[in-house]
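Source file my_file06.txt; content: compact mmCIF, C-alpha atoms.
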# COMPACT_ATOMS: atom_id res chain seq x y z
CA MET J 1 11.40 -10.58 15.03
CA ARG J 2 12.69 -10.48 11.47
CA VAL J 3 12.29 -7.44 9.23
CA ALA J 4 12.96 -7.62 5.48
CA LEU J 5 14.62 -4.36 4.41
CA ASP J 6 14.82 -3.08 0.83
CA LEU J 7 18.52 -2.36 0.28
CA LEU J 8 17.94 -0.47 -2.99
CA GLY J 9 15.12 1.86 -1.89
CA GLY J 10 15.58 5.58 -1.26
CA ASP J 11 17.66 8.49 -2.48
CA HIS J 12 20.60 7.58 -0.28
CA ALA J 13 20.54 3.81 -0.78
CA PRO J 14 22.32 1.57 -0.22
CA ASP J 15 24.54 3.34 2.35
CA ALA J 16 21.73 4.91 4.38
CA VAL J 17 19.85 1.61 4.37
CA ILE J 18 22.83 -0.32 5.71
CA ASP J 19 23.46 2.34 8.36
CA GLY J 20 19.79 2.24 9.37
CA ALA J 21 19.77 -1.53 9.56
CA LEU J 22 22.79 -1.57 11.85
CA LEU J 23 21.35 1.17 14.08
CA ALA J 24 18.09 -0.77 14.37
CA VAL J 25 19.67 -4.07 15.40
CA ASP J 26 22.09 -2.35 17.79
CA ARG J 27 19.21 -0.56 19.54
CA ASP J 28 16.93 -3.58 19.85
CA PRO J 29 18.49 -7.04 20.21
CA ALA J 30 15.07 -8.61 19.54
CA VAL J 31 15.11 -7.22 15.99
CA GLU J 32 16.85 -9.05 13.16
CA VAL J 33 17.15 -7.27 9.82
CA VAL J 34 17.33 -9.23 6.59
CA LEU J 35 18.83 -7.12 3.82
CA VAL J 36 17.17 -7.66 0.42
CA GLY J 37 19.32 -6.62 -2.52
CA PRO J 38 22.37 -7.53 -4.58
CA PRO J 39 24.55 -9.76 -2.34
CA ALA J 40 27.83 -8.29 -3.59
CA VAL J 41 26.69 -4.75 -2.79
CA ALA J 42 25.55 -5.76 0.68
CA ALA J 43 28.75 -7.70 1.35
CA ALA J 44 30.99 -4.80 0.37
CA LEU J 45 29.10 -2.27 2.50
CA LEU J 46 28.96 -4.59 5.50
CA ALA J 47 32.66 -5.44 5.18
CA ALA J 48 33.54 -1.74 5.12
CA ARG J 49 31.71 -1.40 8.44
CA GLY J 50 33.15 -4.62 9.90
CA ARG J 51 29.66 -6.05 10.37
CA SER J 52 27.46 -8.85 9.11
CA LEU J 53 23.72 -9.20 8.50
CA PRO J 54 21.70 -11.85 6.66
CA VAL J 55 21.17 -11.05 2.99
CA VAL J 56 18.54 -12.35 0.54
CA ALA J 57 19.30 -11.80 -3.12
CA ALA J 58 17.20 -9.46 -5.29
CA ARG J 59 18.89 -7.63 -8.09
CA GLU J 60 16.41 -5.12 -9.51
CA SER J 61 14.79 -1.92 -8.34
CA VAL J 62 11.76 -0.06 -9.69
CA GLY J 63 12.71 3.50 -10.61
CA MET J 64 10.86 6.74 -9.98
CA ASP J 65 10.38 7.16 -13.73
CA GLU J 66 8.56 3.83 -14.20
CA ASP J 67 4.88 3.03 -13.85
CA PRO J 68 5.05 1.32 -10.46
CA ALA J 69 2.64 -1.54 -11.16
CA ARG J 70 4.04 -2.28 -14.62
CA GLY J 71 7.58 -2.04 -13.24
CA VAL J 72 6.89 -4.51 -10.45
CA ARG J 73 5.12 -6.86 -12.87
CA ALA J 74 8.03 -6.79 -15.29
CA LYS J 75 10.74 -7.17 -12.64
CA ARG J 76 10.17 -10.46 -10.87
CA ASP J 77 13.52 -10.02 -9.09
CA ALA J 78 12.69 -6.55 -7.74
CA THR J 79 13.48 -5.85 -4.10
CA VAL J 80 9.92 -4.58 -3.46
CA ARG J 81 8.62 -8.01 -4.52
CA THR J 82 11.17 -10.01 -2.56
CA ILE J 83 10.72 -8.20 0.77
CA HIS J 84 7.02 -9.09 0.58
CA ALA J 85 7.66 -12.64 -0.63
CA LEU J 86 9.70 -13.16 2.56
CA VAL J 87 6.73 -11.98 4.63
CA ARG J 88 4.29 -14.13 2.67
CA SER J 89 6.46 -17.24 3.16
CA GLY J 90 6.76 -16.54 6.89
CA SER J 91 10.54 -16.07 6.72
CA CYS J 92 10.11 -12.48 7.88
CA ASP J 93 7.48 -10.74 10.02
CA ALA J 94 7.42 -7.36 8.28
CA ALA J 95 8.72 -5.50 5.24
CA VAL J 96 10.33 -2.04 5.14
CA SER J 97 11.24 0.17 2.20
CA VAL J 98 12.04 3.84 1.73
CA GLY J 99 11.82 3.43 -2.04
CA PRO J 100 9.05 4.85 -4.27
CA THR J 101 5.75 4.37 -2.44
CA GLY J 102 3.89 3.36 -5.58
CA ALA J 103 6.34 0.54 -6.23
CA VAL J 104 6.21 -0.64 -2.61
CA LEU J 105 2.40 -0.57 -2.79
CA ALA J 106 2.42 -2.60 -6.02
CA GLY J 107 4.92 -5.08 -4.59
CA ALA J 108 2.82 -5.51 -1.47
CA VAL J 109 -0.52 -5.86 -3.24
CA LEU J 110 0.76 -8.24 -5.91
CA THR J 111 2.64 -10.41 -3.42
CA LEU J 112 0.69 -10.26 -0.15
CA GLY J 113 -2.79 -9.38 -1.38
CA ARG J 114 -5.20 -6.90 0.18
CA ILE J 115 -7.52 -6.81 3.18
CA SER J 116 -9.33 -3.72 1.87
CA SER J 117 -10.45 -2.49 -1.53
CA ARG J 118 -7.63 0.04 -1.73
CA PRO J 119 -4.63 0.19 0.61
CA ALA J 120 -3.49 3.58 1.87
CA VAL J 121 -0.47 5.13 3.54
CA ALA J 122 -1.49 5.82 7.14
CA VAL J 123 0.45 8.24 9.33
CA VAL J 124 -0.19 8.68 13.03
CA VAL J 125 0.20 12.39 13.85
CA PRO J 126 0.72 13.05 17.57
CA THR J 127 -1.37 16.00 18.83
CA ALA J 128 -2.22 17.54 22.19
CA ALA J 129 -5.71 16.07 21.80
CA GLY J 130 -4.43 12.56 21.08
CA PRO J 131 -3.15 10.75 18.00
CA VAL J 132 -4.75 11.47 14.62
CA VAL J 133 -4.58 8.83 11.90
CA LEU J 134 -4.21 10.54 8.52
CA LEU J 135 -4.83 8.47 5.39
CA ASP J 136 -4.14 8.33 2.51
CA ALA J 137 -0.79 10.12 2.84
CA GLY J 138 0.48 9.13 -0.58
CA ALA J 139 -0.38 5.66 -1.89
CA THR J 140 -2.93 6.65 -4.57
CA SER J 141 -3.28 10.18 -5.93
CA GLU J 142 -6.62 9.77 -7.66
CA THR J 143 -9.30 8.34 -5.43
CA THR J 144 -13.00 7.49 -5.78
CA PRO J 145 -15.66 8.30 -3.16
CA GLU J 146 -15.98 4.57 -2.49
CA GLN J 147 -12.25 4.33 -1.80
CA LEU J 148 -12.51 7.17 0.72
CA VAL J 149 -15.17 5.13 2.52
CA SER J 150 -12.78 2.16 2.46
CA HIS J 151 -10.10 4.42 3.97
CA ALA J 152 -12.56 5.42 6.72
CA VAL J 153 -13.21 1.78 7.62
CA LEU J 154 -9.49 0.95 7.54
CA GLY J 155 -8.53 4.03 9.54
CA THR J 156 -11.18 3.21 12.13
CA ALA J 157 -9.79 -0.30 12.53
CA TYR J 158 -6.25 1.08 12.84
CA ALA J 159 -7.26 3.70 15.43
CA GLN J 160 -9.08 1.00 17.40
CA ALA J 161 -5.97 -1.18 17.30
CA LEU J 162 -4.01 1.80 18.62
CA GLY J 163 -6.39 2.14 21.57
CA THR J 164 -9.20 4.53 20.57
CA ALA J 165 -12.41 2.66 21.33
CA HIS J 166 -14.84 4.60 19.11
CA PRO J 167 -12.79 6.62 16.62
CA ARG J 168 -14.40 9.69 15.05
CA VAL J 169 -13.85 9.97 11.30
CA GLY J 170 -13.48 13.30 9.52
CA LEU J 171 -13.33 14.04 5.80
CA LEU J 172 -10.54 16.49 4.94
CA ASN J 173 -12.07 19.47 3.17
CA VAL J 174 -11.81 23.24 2.71
CA GLY J 175 -14.54 23.98 5.26
CA THR J 176 -16.59 22.17 7.84
CA GLU J 177 -20.06 22.81 6.41
CA PRO J 178 -21.75 19.96 4.49
CA GLY J 179 -21.68 20.66 0.76
CA LYS J 180 -18.14 22.09 0.82
CA GLY J 181 -15.46 20.98 -1.58
CA ASP J 182 -15.20 19.44 -5.01
CA GLN J 183 -17.38 16.64 -6.39
CA LEU J 184 -15.19 13.92 -4.85
CA ARG J 185 -15.66 15.40 -1.37
CA LYS J 186 -19.42 15.96 -1.87
CA ASP J 187 -19.97 12.39 -3.08
CA ALA J 188 -17.75 10.95 -0.34
CA PHE J 189 -19.58 12.96 2.33
CA ALA J 190 -22.90 11.43 1.25
CA LEU J 191 -21.46 7.91 1.32
CA LEU J 192 -19.70 8.40 4.65
CA GLU J 193 -22.95 9.47 6.30
CA ARG J 194 -24.29 5.97 5.56
CA ALA J 195 -21.03 4.08 6.17
CA PRO J 196 -20.42 1.83 9.21
CA VAL J 197 -18.08 4.38 10.82
CA ARG J 198 -18.50 7.22 13.33
CA PHE J 199 -18.49 10.01 10.74
CA VAL J 200 -18.36 13.52 12.23
CA GLY J 201 -18.34 15.49 8.98
CA ASN J 202 -15.77 17.67 7.30
CA VAL J 203 -12.54 18.75 9.00
CA GLU J 204 -9.89 21.20 7.86
CA GLY J 205 -6.15 20.92 7.41
CA HIS J 206 -5.28 22.48 10.75
CA ASP J 207 -7.42 19.86 12.52
CA VAL J 208 -4.78 17.23 11.71
CA PRO J 209 -1.77 18.72 13.61
CA ARG J 210 -4.00 20.28 16.30
CA GLY J 211 -6.24 17.28 16.79
CA GLY J 212 -9.64 17.50 18.41
CA PRO J 213 -12.51 17.07 15.94
CA ALA J 214 -11.53 13.65 14.58
CA ASP J 215 -9.34 10.66 15.42
CA VAL J 216 -9.18 9.55 11.78
CA VAL J 217 -8.92 11.94 8.82
CA VAL J 218 -9.47 10.56 5.33
CA THR J 219 -8.47 12.11 2.03
CA ASP J 220 -6.97 11.25 -1.36
CA GLY J 221 -3.27 10.40 -1.53
CA PHE J 222 -2.31 13.60 -3.34
CA THR J 223 -3.89 15.97 -0.83
CA GLY J 224 -2.80 13.83 2.12
CA ASN J 225 0.81 13.84 1.01
CA VAL J 226 0.81 17.61 0.47
CA LEU J 227 -0.73 18.16 3.91
CA LEU J 228 1.71 15.80 5.63
CA LYS J 229 4.75 17.51 4.13
CA ALA J 230 3.33 20.94 5.00
CA ILE J 231 2.92 19.81 8.62
CA GLU J 232 6.45 18.42 8.61
CA GLY J 233 7.84 21.67 7.23
CA ALA J 234 6.03 23.91 9.68
CA SER J 235 6.19 21.78 12.79
CA THR J 236 8.66 21.89 15.64
CA GLN J 237 7.32 18.68 17.10
CA ASP J 238 8.91 15.32 16.50
CA LEU J 239 6.75 13.78 13.78
CA PRO J 240 6.99 10.09 12.87
CA ARG J 241 9.49 9.29 10.14
CA SER J 242 7.64 6.21 9.01
CA ALA J 243 4.16 5.24 7.89
CA LEU J 244 2.14 2.06 7.62
CA LEU J 245 0.90 0.71 4.31
CA LEU J 246 -2.54 -0.02 5.63
CA GLY J 247 -4.83 -2.47 3.83
CA VAL J 248 -2.34 -5.04 2.55
CA ASP J 249 -2.29 -8.49 4.10
CA GLY J 250 0.95 -8.01 6.01
CA ILE J 251 2.93 -5.37 7.88
CA THR J 252 4.70 -3.02 5.47
CA VAL J 253 6.30 0.22 6.66
CA VAL J 254 7.38 2.96 4.26
CA GLY J 255 9.52 6.06 4.76
CA HIS J 256 10.60 9.17 2.91
CA GLY J 257 12.71 8.71 -0.19
CA ALA J 258 15.19 11.13 1.37
CA SER J 259 15.56 8.96 4.49
CA ASP J 260 18.93 8.86 6.20
CA GLY J 261 20.17 6.06 8.44
CA GLU J 262 18.23 7.34 11.47
CA ASP J 263 15.03 7.44 9.42
CA VAL J 264 15.54 3.90 8.14
CA ALA J 265 16.20 2.71 11.70
CA ALA J 266 12.96 4.41 12.78
CA CYS J 267 11.07 2.57 10.02
CA VAL J 268 12.49 -0.79 11.14
CA ALA J 269 11.66 -0.07 14.78
CA HIS J 270 8.13 0.97 13.77
CA ALA J 271 7.61 -2.27 11.83
CA ALA J 272 8.92 -4.35 14.74
CA ARG J 273 6.64 -2.54 17.18
CA LEU J 274 3.56 -3.15 15.01
CA VAL J 275 4.40 -6.84 14.71
CA GLY J 276 4.92 -7.08 18.46
CA GLU J 277 1.54 -5.45 19.06
CA GLY J 278 -0.16 -7.99 16.79
CA LEU J 279 -1.53 -5.21 14.60
CA LEU J 280 -2.27 -7.32 11.53
CA GLU J 281 -4.20 -9.89 13.52
CA ARG J 282 -6.21 -7.11 15.18
CA LEU J 283 -6.94 -5.47 11.85
CA ARG J 284 -8.05 -8.79 10.37
CA ALA J 285 -10.34 -9.36 13.34
CA THR J 286 -11.84 -5.87 13.17
CA LEU J 287 -12.35 -6.05 9.41
CA ASN J 288 -13.58 -9.65 9.69
CA VAL J 289 -10.90 -10.90 7.31
CA GLY J 290 -9.52 -14.44 7.66
CA ALA J 291 -5.79 -15.10 7.87
CA ALA J 292 -4.09 -15.81 4.53
CA MET C 1 -12.08 -23.05 -23.36
CA THR C 2 -14.89 -21.00 -24.88
CA ALA C 3 -15.02 -17.22 -25.07
CA GLU C 4 -17.89 -17.23 -22.60
CA GLN C 5 -15.82 -19.26 -20.12
CA VAL C 6 -12.89 -16.86 -20.46
CA LEU C 7 -15.29 -13.94 -19.97
CA ASP C 8 -16.46 -15.54 -16.73
CA VAL C 9 -12.84 -15.85 -15.53
CA LEU C 10 -12.31 -12.19 -16.37
CA ARG C 11 -15.54 -11.16 -14.64
CA GLY C 12 -14.43 -12.99 -11.51
CA ALA C 13 -11.03 -11.28 -11.50
CA ILE C 14 -12.56 -7.83 -12.01
CA ALA C 15 -15.18 -8.42 -9.32
CA THR C 16 -12.44 -9.44 -6.87
CA VAL C 17 -10.16 -6.50 -7.56
CA LEU C 18 -12.66 -3.70 -8.16
CA GLU C 19 -15.49 -4.98 -5.97
CA VAL C 20 -18.15 -4.59 -8.66
CA ASP C 21 -21.10 -6.82 -9.55
CA PRO C 22 -19.82 -9.29 -12.18
CA ALA C 23 -23.30 -9.50 -13.70
CA GLY C 24 -22.91 -5.95 -15.00
CA LEU C 25 -19.70 -6.70 -16.88
CA GLN C 26 -20.15 -7.15 -20.64
CA ARG C 27 -17.82 -7.59 -23.60
CA GLY C 28 -18.08 -3.89 -24.37
CA THR C 29 -17.23 -2.74 -20.82
CA ARG C 30 -14.08 -0.61 -20.86
CA PHE C 31 -11.46 -1.16 -18.16
CA VAL C 32 -10.45 2.46 -17.71
CA ASP C 33 -13.37 4.54 -18.96
CA ASP C 34 -16.18 2.45 -17.44
CA LEU C 35 -14.52 0.73 -14.48
CA SER C 36 -11.96 3.44 -13.53
CA ALA C 37 -9.32 0.72 -13.24
CA ASP C 38 -5.91 2.25 -12.58
CA SER C 39 -2.56 0.71 -13.46
CA LEU C 40 -2.29 -1.35 -10.26
CA ALA C 41 -5.83 -2.68 -10.57
CA LEU C 42 -5.20 -3.67 -14.19
CA VAL C 43 -2.03 -5.54 -13.26
CA GLU C 44 -3.84 -7.29 -10.40
CA ILE C 45 -6.59 -8.38 -12.80
CA VAL C 46 -4.03 -9.57 -15.35
CA GLU C 47 -2.16 -11.64 -12.76
CA ILE C 48 -5.37 -13.29 -11.52
CA VAL C 49 -6.46 -14.10 -15.07
CA GLU C 50 -3.01 -15.48 -15.91
CA HIS C 51 -3.10 -17.67 -12.82
CA ASP C 52 -6.58 -19.01 -13.60
CA LEU C 53 -5.97 -19.59 -17.31
CA ALA C 54 -2.63 -21.25 -16.60
CA GLN C 55 -4.67 -24.15 -15.18
CA GLN C 56 -5.94 -24.60 -18.73
CA ARG C 57 -2.70 -23.85 -20.51
CA PRO C 58 0.44 -23.94 -18.33
CA GLY C 59 2.58 -20.84 -18.76
CA PHE C 60 -0.25 -18.72 -20.13
CA ARG C 61 0.84 -15.09 -20.00
CA ILE C 62 -0.39 -11.76 -21.33
CA ASP C 63 2.55 -9.89 -22.85
CA ASP C 64 3.19 -6.52 -21.21
CA GLU C 65 3.44 -4.76 -24.56
CA ASP C 66 -0.04 -6.01 -25.48
CA LEU C 67 -1.72 -4.66 -22.34
CA ASP C 68 -2.29 -1.16 -23.71
CA ARG C 69 -4.28 -2.56 -26.65
CA LEU C 70 -6.77 -4.42 -24.46
CA LEU C 71 -9.28 -1.65 -23.84
CA THR C 72 -12.47 -3.68 -23.33
CA LEU C 73 -13.36 -7.01 -21.77
CA GLY C 74 -14.04 -8.27 -25.30
CA ASP C 75 -10.52 -7.30 -26.39
CA ALA C 76 -9.07 -9.28 -23.48
CA VAL C 77 -11.31 -12.31 -24.10
CA ASP C 78 -10.40 -12.47 -27.80
CA TYR C 79 -6.71 -12.09 -26.96
CA ALA C 80 -6.82 -14.92 -24.43
CA VAL C 81 -8.91 -17.31 -26.55
CA ALA C 82 -6.44 -16.91 -29.42
CA ARG C 83 -3.60 -18.02 -27.15
CA LEU C 84 -5.25 -20.88 -25.27
What does this structure look like when you write it as structure tokens?
Amino acid sequence: MRVALDLLGGDHAPDAVIDGALLAVDRDPAVEVVLVGPPAVAAALLAARGRSLPVVAARESVGMDEDPARGVRAKRDATVRTIHALVRSGSCDAAVSVGPTGAVLAGAVLTLGRISSRPAVAVVVPTAAGPVVLLDAGATSETTPEQLVSHAVLGTAYAQALGTAHPRVGLLNVGTEPGKGDQLRKDAFALLERAPVRFVGNVEGHDVPRGGPADVVVTDGFTGNVLLKAIEGASTQDLPRSALLLGVDGITVVGHGASDGEDVAACVAHAARLVGEGLLERLRATLNVGAA
Amino acid sequence: MTAEQVLDVLRGAIATVLEVDPAGLQRGTRFVDDLSADSLALVEIVEIVEHDLAQQRPGFRIDDEDLDRLLTLGDAVDYAVARL
């Protein structure tokens, strides 16, 4: 199981990335991490730790201040392109980055392609009533009603792959009654009622950490990210430190920009687990998408 | 390659990325205002068009600094035809 890891992604890169890579391989001998970044940087950090890992060269990163898609287009040697090129070529089984989500999304879409109209960041929130898949948790801030329907279909396929036979889909809103919310929510509600998913209507923010009304909760990436971080800030439970970039034609796991070594290791372990479970193949089958 | 042929290439790329009916795409259709194409969608469309038109002219590329000036399908078609 080989995981391509973005050496330059995250606030604490490259040190936290190296530390996370070493933790991940030490904890699971079946996992091999391929560092993707400047070879000299990787060599110096590994030498300082008396360790070795395979390294694939990529010398550029896409900054927080750049338009992600334009940045990835302009930088052919960017780490967020190369980690996905390794997956596309079959050299690696999954890609991991704790760099800017928009850049990782652009790198994945432009290199691997999509299996849905708009990929989303999907987080599995553990609750007493069972896992809740929340998406989009931060890939795309501005969303159309049609894209929320796409998220519902994707989230349903993901929840099924995780073991929920007939996932219930809720639309995140400010109240449960039909007709609540802004125009995006009203239009999405009407489309979801006719969509090929088990739509159960509007749900509220507290329904995500509590669970119960829905197994899949869809929203735009702005609201989803705000909700996720609010849950993280208020929660005493152990929330996942990684998320799946759902809807690209490969396994890509993203983490917080502020990730430390433990967080990076959790992202690598998450990616390896999803590969081992054959998630992509199950998603392709559920969505009726052929292999690339 | 004629302007109509380039327009068909562009229609195909837009239909793939944005999942819209290519028959409704005209020279005057605006990428952002009419199709709500965001930055990632625009770059996806550009890379598909570059790939397809490179069959006609190897190395065909749309310069990044020119992207902001291509507001309509007609703008993009005229730009490409001039460089093929």
With all atoms listed in the file considered, list every residue of chain C at most 12 Å from chain J, as a compact mmCIF listing (two decimals) with C-alpha atoms, in the coordinates of the input.
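The result, stored in out_11.txt:
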# COMPACT_ATOMS: atom_id res chain seq x y z
CA ILE C 14 -12.56 -7.83 -12.01
CA ALA C 15 -15.18 -8.42 -9.32
CA THR C 16 -12.44 -9.44 -6.87
CA VAL C 17 -10.16 -6.50 -7.56
CA LEU C 18 -12.66 -3.70 -8.16
CA GLU C 19 -15.49 -4.98 -5.97
CA VAL C 20 -18.15 -4.59 -8.66
CA LEU C 35 -14.52 0.73 -14.48
CA SER C 36 -11.96 3.44 -13.53
CA ALA C 37 -9.32 0.72 -13.24
CA ASP C 38 -5.91 2.25 -12.58
CA SER C 39 -2.56 0.71 -13.46
CA LEU C 40 -2.29 -1.35 -10.26
CA ALA C 41 -5.83 -2.68 -10.57
CA LEU C 42 -5.20 -3.67 -14.19
CA VAL C 43 -2.03 -5.54 -13.26
CA GLU C 44 -3.84 -7.29 -10.40
CA ILE C 45 -6.59 -8.38 -12.80
CA VAL C 46 -4.03 -9.57 -15.35
CA GLU C 47 -2.16 -11.64 -12.76
CA ILE C 48 -5.37 -13.29 -11.52
CA ARG C 61 0.84 -15.09 -20.00
CA ILE C 62 -0.39 -11.76 -21.33
CA ASP C 63 2.55 -9.89 -22.85
CA ASP C 64 3.19 -6.52 -21.21
CA GLU C 65 3.44 -4.76 -24.56
CA LEU C 67 -1.72 -4.66 -22.34
CA ASP C 68 -2.29 -1.16 -23.71
Atom pair atom CA of J:His206 / atom CA of J:Asp136: separation (Å):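 Taking atom CA of J:His206 and atom CA of J:Asp136, their separation equals 16.4 Å.
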Residues within 10 Å of J:Leu162, only C-alpha atoms, excluding chain neighbours under 6 positions, as an MDAnalysis selection string: chainID J and resid 124 131 133 156 274 277 279 282
Those same residues - C-alpha atoms - I'd like them written as a tab-separated table (two decimals), keeping the file's coordinate frame.
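Everything below was put into out_21.tsv:
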chain	number	residue	atom	x	y	z
J	124	VAL	CA	-0.19	8.68	13.03
J	131	PRO	CA	-3.15	10.75	18.00
J	133	VAL	CA	-4.58	8.83	11.90
J	156	THR	CA	-11.18	3.21	12.13
J	274	LEU	CA	3.56	-3.15	15.01
J	277	GLU	CA	1.54	-5.45	19.06
J	279	LEU	CA	-1.53	-5.21	14.60
J	282	ARG	CA	-6.21	-7.11	15.18
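A straight line drawn from atom CA of C:Met1 to atom CA of C:Val77 is 10.8 Å long.
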Separation of atom CA of C:Leu10 from atom CA of C:Leu25 in Å: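 According to the coordinates, atom CA of C:Leu25 and atom CA of C:Leu10 are separated by 9.2 Å.
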Cut-off 12 Å around (-18.9, -14.0, -20.0) with all atoms listed in the file: residues as a list in words: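 Residues with an atom close enough to that point: Met1, Thr2, Ala3, Glu4, Gln5, Val6, Leu7, Asp8, Val9, Leu10, Arg11, Gly12, Ala13, Ile14, Pro22, Ala23, Gly24, Leu25, Gln26, Arg27, Gly28, Thr29, Leu73, Gly74, Ala76, Val77 and Asp78 of chain C.
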Test item: residues at most 8 Å from J:Gly10, all atoms listed in the file, excluding those fewer than 3 positions along its chain, as number ranges by chain: J: 13-14, 97-100, 256-259
Nearest-residue call for J:Ser91, choices J:Pro54, J:Gly255, J:Pro196, J:Gly20, using only C-alpha atoms: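 Checking each of J:Pro54, J:Gly255, J:Pro196, J:Gly20 against J:Ser91, counting only C-alpha atoms, the winner is J:Pro54.
For J:Val41, the residues within 12 Å (counting only C-alpha atoms, excluding itself and residues fewer than 3 positions away along the chain) are Leu7, Leu8, Ala13, Pro14, Asp15, Val17, Ile18, Leu35, Val36, Gly37, Pro38, Ala44, Leu45, Leu46, Ala47, Ala48, Val55, Val56, Ala57, Ala58 and Arg59 of chain J.
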